[in-house]
>>> print(open('entry.pdb').read())   # PDB, C-alpha atoms, pLDDT in the B column
ATOM      1  CA  MET A 195     -66.929 171.000-162.518  1.00 50.00           C
ATOM      2  CA  PRO A 196     -64.814 167.949-161.624  1.00 57.00           C
ATOM      3  CA  ASN A 197     -65.973 164.497-162.672  1.00 66.00           C
ATOM      4  CA  PRO A 198     -67.341 162.785-159.525  1.00 80.00           C
ATOM      5  CA  PHE A 199     -66.818 159.341-161.075  1.00 90.00           C
ATOM      6  CA  GLU A 200     -63.738 157.177-161.281  1.00 94.00           C
ATOM      7  CA  THR A 201     -63.615 154.346-163.799  1.00 95.00           C
ATOM      8  CA  ARG A 202     -61.206 151.461-163.449  1.00 96.00           C
ATOM      9  CA  ALA A 203     -60.684 147.765-164.021  1.00 95.00           C
ATOM     10  CA  PRO A 204     -62.565 145.595-161.542  1.00 96.00           C
ATOM     11  CA  ARG A 205     -61.012 143.960-158.490  1.00 96.00           C
ATOM     12  CA  ALA A 206     -61.995 140.678-156.861  1.00 95.00           C
ATOM     13  CA  GLY A 207     -63.251 142.629-153.847  1.00 96.00           C
ATOM     14  CA  ASP A 208     -65.802 144.387-156.091  1.00 97.00           C
ATOM     15  CA  ILE A 209     -67.737 141.195-156.802  1.00 97.00           C
ATOM     16  CA  PRO A 210     -70.319 141.524-153.974  1.00 97.00           C
ATOM     17  CA  ALA A 211     -71.123 145.132-154.945  1.00 97.00           C
ATOM     18  CA  LEU A 212     -71.308 144.257-158.654  1.00 97.00           C
ATOM     19  CA  ALA A 213     -73.563 141.286-157.891  1.00 97.00           C
ATOM     20  CA  ALA A 214     -75.902 143.576-155.943  1.00 97.00           C
ATOM     21  CA  ILE A 215     -75.990 146.054-158.858  1.00 97.00           C
ATOM     22  CA  ALA A 216     -76.685 143.242-161.340  1.00 96.00           C
ATOM     23  CA  GLU A 217     -79.475 141.896-159.129  1.00 95.00           C
ATOM     24  CA  GLU A 218     -81.014 145.343-158.877  1.00 95.00           C
ATOM     25  CA  THR A 219     -80.834 146.156-162.585  1.00 93.00           C
ATOM     26  CA  LEU A 220     -80.151 143.405-165.121  1.00 90.00           C
ATOM     27  CA  PHE A 221     -79.905 139.777-164.078  1.00 93.00           C
ATOM     28  CA  PRO A 222     -79.371 137.485-161.078  1.00 94.00           C
ATOM     29  CA  GLY A 223     -76.386 138.641-159.044  1.00 96.00           C
ATOM     30  CA  GLU A 224     -74.934 135.161-158.720  1.00 97.00           C
ATOM     31  CA  MET A 225     -74.080 135.324-162.432  1.00 97.00           C
ATOM     32  CA  ILE A 226     -71.410 138.011-161.864  1.00 97.00           C
ATOM     33  CA  GLU A 227     -68.680 135.914-160.251  1.00 97.00           C
ATOM     34  CA  PRO A 228     -68.426 133.251-162.983  1.00 97.00           C
ATOM     35  CA  MET A 229     -68.687 135.947-165.665  1.00 96.00           C
ATOM     36  CA  ILE A 230     -65.948 138.209-164.282  1.00 97.00           C
ATOM     37  CA  THR A 231     -63.501 135.672-162.840  1.00 96.00           C
ATOM     38  CA  PRO A 232     -61.801 134.795-166.166  1.00 96.00           C
ATOM     39  CA  ALA A 233     -61.127 138.488-166.792  1.00 95.00           C
ATOM     40  CA  LEU A 234     -59.787 138.974-163.255  1.00 96.00           C
ATOM     41  CA  GLU A 235     -57.485 135.996-163.787  1.00 95.00           C
ATOM     42  CA  GLY A 236     -56.286 137.360-167.124  1.00 93.00           C
ATOM     43  CA  VAL A 237     -57.494 134.355-169.118  1.00 96.00           C
ATOM     44  CA  SER A 238     -60.244 136.153-171.030  1.00 94.00           C
ATOM     45  CA  PRO A 239     -60.146 138.886-173.661  1.00 94.00           C
ATOM     46  CA  ASP A 240     -63.291 140.430-172.136  1.00 96.00           C
ATOM     47  CA  ILE A 241     -63.105 144.080-171.126  1.00 96.00           C
ATOM     48  CA  TRP A 242     -64.675 144.963-167.781  1.00 97.00           C
ATOM     49  CA  ARG A 243     -64.911 148.432-166.283  1.00 97.00           C
ATOM     50  CA  VAL A 244     -66.290 149.584-162.970  1.00 97.00           C
ATOM     51  CA  VAL A 245     -67.502 153.081-162.211  1.00 97.00           C
ATOM     52  CA  CYS A 246     -67.033 154.263-158.627  1.00 95.00           C
ATOM     53  CA  ARG A 247     -67.880 157.178-156.430  1.00 91.00           C
ATOM     54  CA  GLU A 248     -65.290 157.562-153.674  1.00 89.00           C
ATOM     55  CA  ASP A 249     -63.924 154.094-154.613  1.00 88.00           C
ATOM     56  CA  VAL A 250     -67.315 152.438-154.014  1.00 93.00           C
ATOM     57  CA  PRO A 251     -68.550 150.584-157.126  1.00 96.00           C
ATOM     58  CA  ILE A 252     -71.822 151.990-158.408  1.00 96.00           C
ATOM     59  CA  GLY A 253     -71.851 150.381-161.843  1.00 96.00           C
ATOM     60  CA  PHE A 254     -70.147 148.050-164.268  1.00 97.00           C
ATOM     61  CA  ALA A 255     -69.918 147.230-167.951  1.00 97.00           C
ATOM     62  CA  PHE A 256     -68.379 144.445-169.940  1.00 96.00           C
ATOM     63  CA  ALA A 257     -67.685 143.827-173.588  1.00 97.00           C
ATOM     64  CA  GLN A 258     -66.594 140.768-175.512  1.00 97.00           C
ATOM     65  CA  PRO A 259     -65.057 140.398-178.946  1.00 97.00           C
ATOM     66  CA  GLU A 260     -67.468 139.021-181.519  1.00 96.00           C
ATOM     67  CA  ALA A 261     -66.210 135.722-182.901  1.00 95.00           C
ATOM     68  CA  MET A 262     -65.335 135.578-186.580  1.00 96.00           C
ATOM     69  CA  THR A 263     -65.375 139.360-187.073  1.00 96.00           C
ATOM     70  CA  ASP A 264     -62.787 142.013-187.827  1.00 95.00           C
ATOM     71  CA  ALA A 265     -62.387 143.841-184.497  1.00 96.00           C
ATOM     72  CA  THR A 266     -66.094 144.018-183.630  1.00 97.00           C
ATOM     73  CA  TRP A 267     -66.977 144.048-179.935  1.00 98.00           C
ATOM     74  CA  ASN A 268     -70.321 143.558-178.208  1.00 97.00           C
ATOM     75  CA  LEU A 269     -71.203 145.468-175.058  1.00 97.00           C
ATOM     76  CA  ARG A 270     -72.910 142.623-173.211  1.00 96.00           C
ATOM     77  CA  ALA A 271     -73.903 144.522-170.096  1.00 95.00           C
ATOM     78  CA  ILE A 272     -73.886 148.009-168.649  1.00 96.00           C
ATOM     79  CA  ALA A 273     -75.544 148.764-165.334  1.00 95.00           C
ATOM     80  CA  VAL A 274     -75.537 151.566-162.792  1.00 95.00           C
ATOM     81  CA  SER A 275     -77.227 151.379-159.429  1.00 94.00           C
ATOM     82  CA  PRO A 276     -80.550 153.245-159.720  1.00 90.00           C
ATOM     83  CA  GLN A 277     -79.565 155.399-156.730  1.00 87.00           C
ATOM     84  CA  ALA A 278     -76.405 156.567-158.524  1.00 85.00           C
ATOM     85  CA  GLN A 279     -77.666 157.309-162.034  1.00 82.00           C
ATOM     86  CA  GLY A 280     -76.924 160.654-163.616  1.00 86.00           C
ATOM     87  CA  GLY A 281     -73.596 160.684-165.424  1.00 90.00           C
ATOM     88  CA  ALA A 282     -72.130 157.417-164.155  1.00 94.00           C
ATOM     89  CA  GLY A 283     -73.400 155.460-167.162  1.00 94.00           C
ATOM     90  CA  THR A 284     -71.827 157.907-169.590  1.00 94.00           C
ATOM     91  CA  ALA A 285     -68.498 157.737-167.738  1.00 94.00           C
ATOM     92  CA  LEU A 286     -68.691 153.951-167.809  1.00 95.00           C
ATOM     93  CA  LEU A 287     -69.538 153.741-171.513  1.00 96.00           C
ATOM     94  CA  ARG A 288     -66.702 156.133-172.397  1.00 95.00           C
ATOM     95  CA  ALA A 289     -64.263 154.035-170.315  1.00 96.00           C
ATOM     96  CA  VAL A 290     -65.244 150.874-172.210  1.00 97.00           C
ATOM     97  CA  GLU A 291     -64.899 152.646-175.555  1.00 96.00           C
ATOM     98  CA  ALA A 292     -61.444 153.917-174.537  1.00 95.00           C
ATOM     99  CA  ALA A 293     -60.379 150.414-173.509  1.00 95.00           C
ATOM    100  CA  LEU A 294     -61.379 149.133-176.947  1.00 94.00           C
ATOM    101  CA  HIS A 295     -58.650 151.161-178.667  1.00 88.00           C
ATOM    102  CA  ALA A 296     -58.083 148.431-181.286  1.00 90.00           C
ATOM    103  CA  ALA A 297     -61.782 147.843-181.952  1.00 95.00           C
ATOM    104  CA  ARG A 298     -63.375 148.791-185.246  1.00 97.00           C
ATOM    105  CA  MET A 299     -66.915 148.934-183.930  1.00 97.00           C
ATOM    106  CA  ILE A 300     -69.023 148.159-180.907  1.00 98.00           C
ATOM    107  CA  ILE A 301     -72.552 146.817-180.913  1.00 98.00           C
ATOM    108  CA  ILE A 302     -75.122 146.828-178.142  1.00 97.00           C
ATOM    109  CA  ASP A 303     -78.234 144.682-178.006  1.00 97.00           C
ATOM    110  CA  THR A 304     -81.364 145.425-176.025  1.00 96.00           C
ATOM    111  CA  THR A 305     -85.082 144.886-176.472  1.00 96.00           C
ATOM    112  CA  GLN A 306     -88.013 146.927-177.690  1.00 97.00           C
ATOM    113  CA  LEU A 307     -89.822 146.465-174.367  1.00 96.00           C
ATOM    114  CA  PRO A 308     -90.948 149.605-172.534  1.00 95.00           C
ATOM    115  CA  ASP A 309     -88.586 149.016-169.603  1.00 92.00           C
ATOM    116  CA  GLN A 310     -85.638 149.413-172.030  1.00 94.00           C
ATOM    117  CA  GLU A 311     -86.810 152.712-173.541  1.00 95.00           C
ATOM    118  CA  ARG A 312     -84.459 154.738-171.334  1.00 93.00           C
ATOM    119  CA  ALA A 313     -81.515 152.531-172.383  1.00 94.00           C
ATOM    120  CA  ARG A 314     -82.348 152.963-176.071  1.00 96.00           C
ATOM    121  CA  HIS A 315     -82.400 156.760-175.683  1.00 97.00           C
ATOM    122  CA  PHE A 316     -79.141 156.605-173.704  1.00 95.00           C
ATOM    123  CA  TYR A 317     -77.335 154.795-176.550  1.00 97.00           C
ATOM    124  CA  VAL A 318     -78.603 157.156-179.260  1.00 97.00           C
ATOM    125  CA  ALA A 319     -77.647 160.207-177.189  1.00 97.00           C
ATOM    126  CA  ARG A 320     -74.093 158.834-176.949  1.00 97.00           C
ATOM    127  CA  GLY A 321     -73.591 158.392-180.677  1.00 97.00           C
ATOM    128  CA  TYR A 322     -74.935 154.891-181.294  1.00 98.00           C
ATOM    129  CA  THR A 323     -77.175 154.201-184.274  1.00 98.00           C
ATOM    130  CA  ARG A 324     -80.074 151.789-184.190  1.00 98.00           C
ATOM    131  CA  VAL A 325     -79.274 149.394-187.045  1.00 98.00           C
ATOM    132  CA  ALA A 326     -81.446 146.308-186.655  1.00 98.00           C
ATOM    133  CA  THR A 327     -84.461 144.716-185.059  1.00 98.00           C
ATOM    134  CA  ILE A 328     -84.941 140.955-185.019  1.00 98.00           C
ATOM    135  CA  PRO A 329     -88.537 140.082-184.115  1.00 98.00           C
ATOM    136  CA  ALA A 330     -89.109 137.622-181.275  1.00 98.00           C
ATOM    137  CA  PHE A 331     -85.348 137.010-180.898  1.00 97.00           C
ATOM    138  CA  PHE A 332     -85.362 136.708-177.101  1.00 96.00           C
ATOM    139  CA  GLY A 333     -88.801 135.096-177.006  1.00 96.00           C
ATOM    140  CA  ALA A 334     -92.358 135.625-178.152  1.00 97.00           C
ATOM    141  CA  GLY A 335     -93.019 139.369-178.134  1.00 96.00           C
ATOM    142  CA  GLU A 336     -89.434 140.317-177.237  1.00 97.00           C
ATOM    143  CA  ASP A 337     -87.434 141.687-180.160  1.00 98.00           C
ATOM    144  CA  LYS A 338     -83.676 142.158-180.264  1.00 97.00           C
ATOM    145  CA  VAL A 339     -82.769 145.793-181.006  1.00 98.00           C
ATOM    146  CA  THR A 340     -79.151 146.389-182.042  1.00 98.00           C
ATOM    147  CA  PHE A 341     -77.187 149.618-181.875  1.00 98.00           C
ATOM    148  CA  LEU A 342     -73.791 150.262-183.484  1.00 98.00           C
ATOM    149  CA  LYS A 343     -71.002 152.775-183.142  1.00 98.00           C
ATOM    150  CA  SER A 344     -67.879 152.938-185.302  1.00 96.00           C
ATOM    151  CA  LEU A 345     -64.804 153.482-183.164  1.00 93.00           C
ATOM    152  CA  ARG A 346     -62.294 154.197-185.934  1.00 84.00           C
TER
END
>>> encode(input="entry.pdb", output="structure tokens")
Amino acid sequence: MPNPFETRAPRAGDIPALAAIAEETLFPGEMIEPMITPALEGVSPDIWRVVCREDVPIGFAFAQPEAMTDATWNLRAIAVSPQAQGGAGTALLRAVEAALHAARMIIIDTTQLPDQERARHFYVARGYTRVATIPAFFGAGEDKVTFLKSLR
């Protein structure tokens, strides 16, 4: 069965769609433009990938290098429109991993909160290992849960 998803680097014209996806899933949509613009302008080492169906963006992910580490990257965000879930997230995650060809490892942070349970299962099912929990990291009652995957 052919893959119904295309992954690619983002384009400036994607910003409104990515902002809508962010708003719907992760954080305020107005945060997208200032986050992605340095990468679009080629002045940032950040890796961004967009997943599309028929060239319409349905999700995005971005990773940044971790300062003062040996080729460690942090997947800061991954989001797929709730109406388009079912394989798009996996395609997106694989595209980010492929783009990080020089990376030694990638980490992903989330929380222990019930609304992130699906995300935690998603990471484990794709080869990530839960390696740490920092209590109350994000705030009272909201722990930081870190997953890791070696890429070499």
>>> resolve_selection(input="entry.pdb", expression="the PyMOL selection byres ((chain A and resi 196-205) around 9)", output="NGL selection string")
:A and (195 or 206-209 or 230 or 233-234 or 241-249 or 251 or 254 or 281-282 or 285-286 or 289)
>>> write_last_selection(input="entry.pdb", atoms="C-alpha atoms", output="short mmCIF file (atom, residue, chain, number, x, y, z; two decimals), in the frame of the given file")
data_model
loop_
_atom_site.label_atom_id
_atom_site.label_comp_id
_atom_site.auth_asym_id
_atom_site.auth_seq_id
_atom_site.Cartn_x
_atom_site.Cartn_y
_atom_site.Cartn_z
CA MET A 195 -66.93 171.00 -162.52
CA ALA A 206 -62.00 140.68 -156.86
CA GLY A 207 -63.25 142.63 -153.85
CA ASP A 208 -65.80 144.39 -156.09
CA ILE A 209 -67.74 141.20 -156.80
CA ILE A 230 -65.95 138.21 -164.28
CA ALA A 233 -61.13 138.49 -166.79
CA LEU A 234 -59.79 138.97 -163.26
CA ILE A 241 -63.10 144.08 -171.13
CA TRP A 242 -64.68 144.96 -167.78
CA ARG A 243 -64.91 148.43 -166.28
CA VAL A 244 -66.29 149.58 -162.97
CA VAL A 245 -67.50 153.08 -162.21
CA CYS A 246 -67.03 154.26 -158.63
CA ARG A 247 -67.88 157.18 -156.43
CA GLU A 248 -65.29 157.56 -153.67
CA ASP A 249 -63.92 154.09 -154.61
CA PRO A 251 -68.55 150.58 -157.13
CA PHE A 254 -70.15 148.05 -164.27
CA GLY A 281 -73.60 160.68 -165.42
CA ALA A 282 -72.13 157.42 -164.16
CA ALA A 285 -68.50 157.74 -167.74
CA LEU A 286 -68.69 153.95 -167.81
CA ALA A 289 -64.26 154.04 -170.32
#
>>> resolve_selection(input="entry.pdb", expression="the PyMOL selection byres ((chain A and resi 323) around 9)", output="ChimeraX atom specification")
/A:317-318,321-322,324-325,340-343
>>> resolve_selection(input="entry.pdb", expression="the PyMOL selection byres ((chain A and resi 264) around 9)", output="PyMOL selection string")
chain A and resi 260-263+265-266+297-299
>>> residues_around(input="entry.pdb", residues="A:Asn268", least_positions_apart="3", cutoff="7 Å", atoms="only C-alpha atoms", output="PDB file with C-alpha atoms, keeping the file's coordinate frame")
ATOM      1  CA  ALA A 257     -67.685 143.827-173.588  1.00 97.00           C
ATOM      2  CA  GLN A 258     -66.594 140.768-175.512  1.00 97.00           C
ATOM      3  CA  PRO A 259     -65.057 140.398-178.946  1.00 97.00           C
ATOM      4  CA  GLU A 260     -67.468 139.021-181.519  1.00 96.00           C
ATOM      5  CA  ILE A 300     -69.023 148.159-180.907  1.00 98.00           C
ATOM      6  CA  ILE A 301     -72.552 146.817-180.913  1.00 98.00           C
ATOM      7  CA  ILE A 302     -75.122 146.828-178.142  1.00 97.00           C
TER       8      ILE A 302
END
>>> residues_around(input="entry.pdb", residues="A:Ala330", least_positions_apart="5", cutoff="12 Å", atoms="all atoms listed in the file", output="PyMOL selection string")
chain A and resi 305-307+335-339
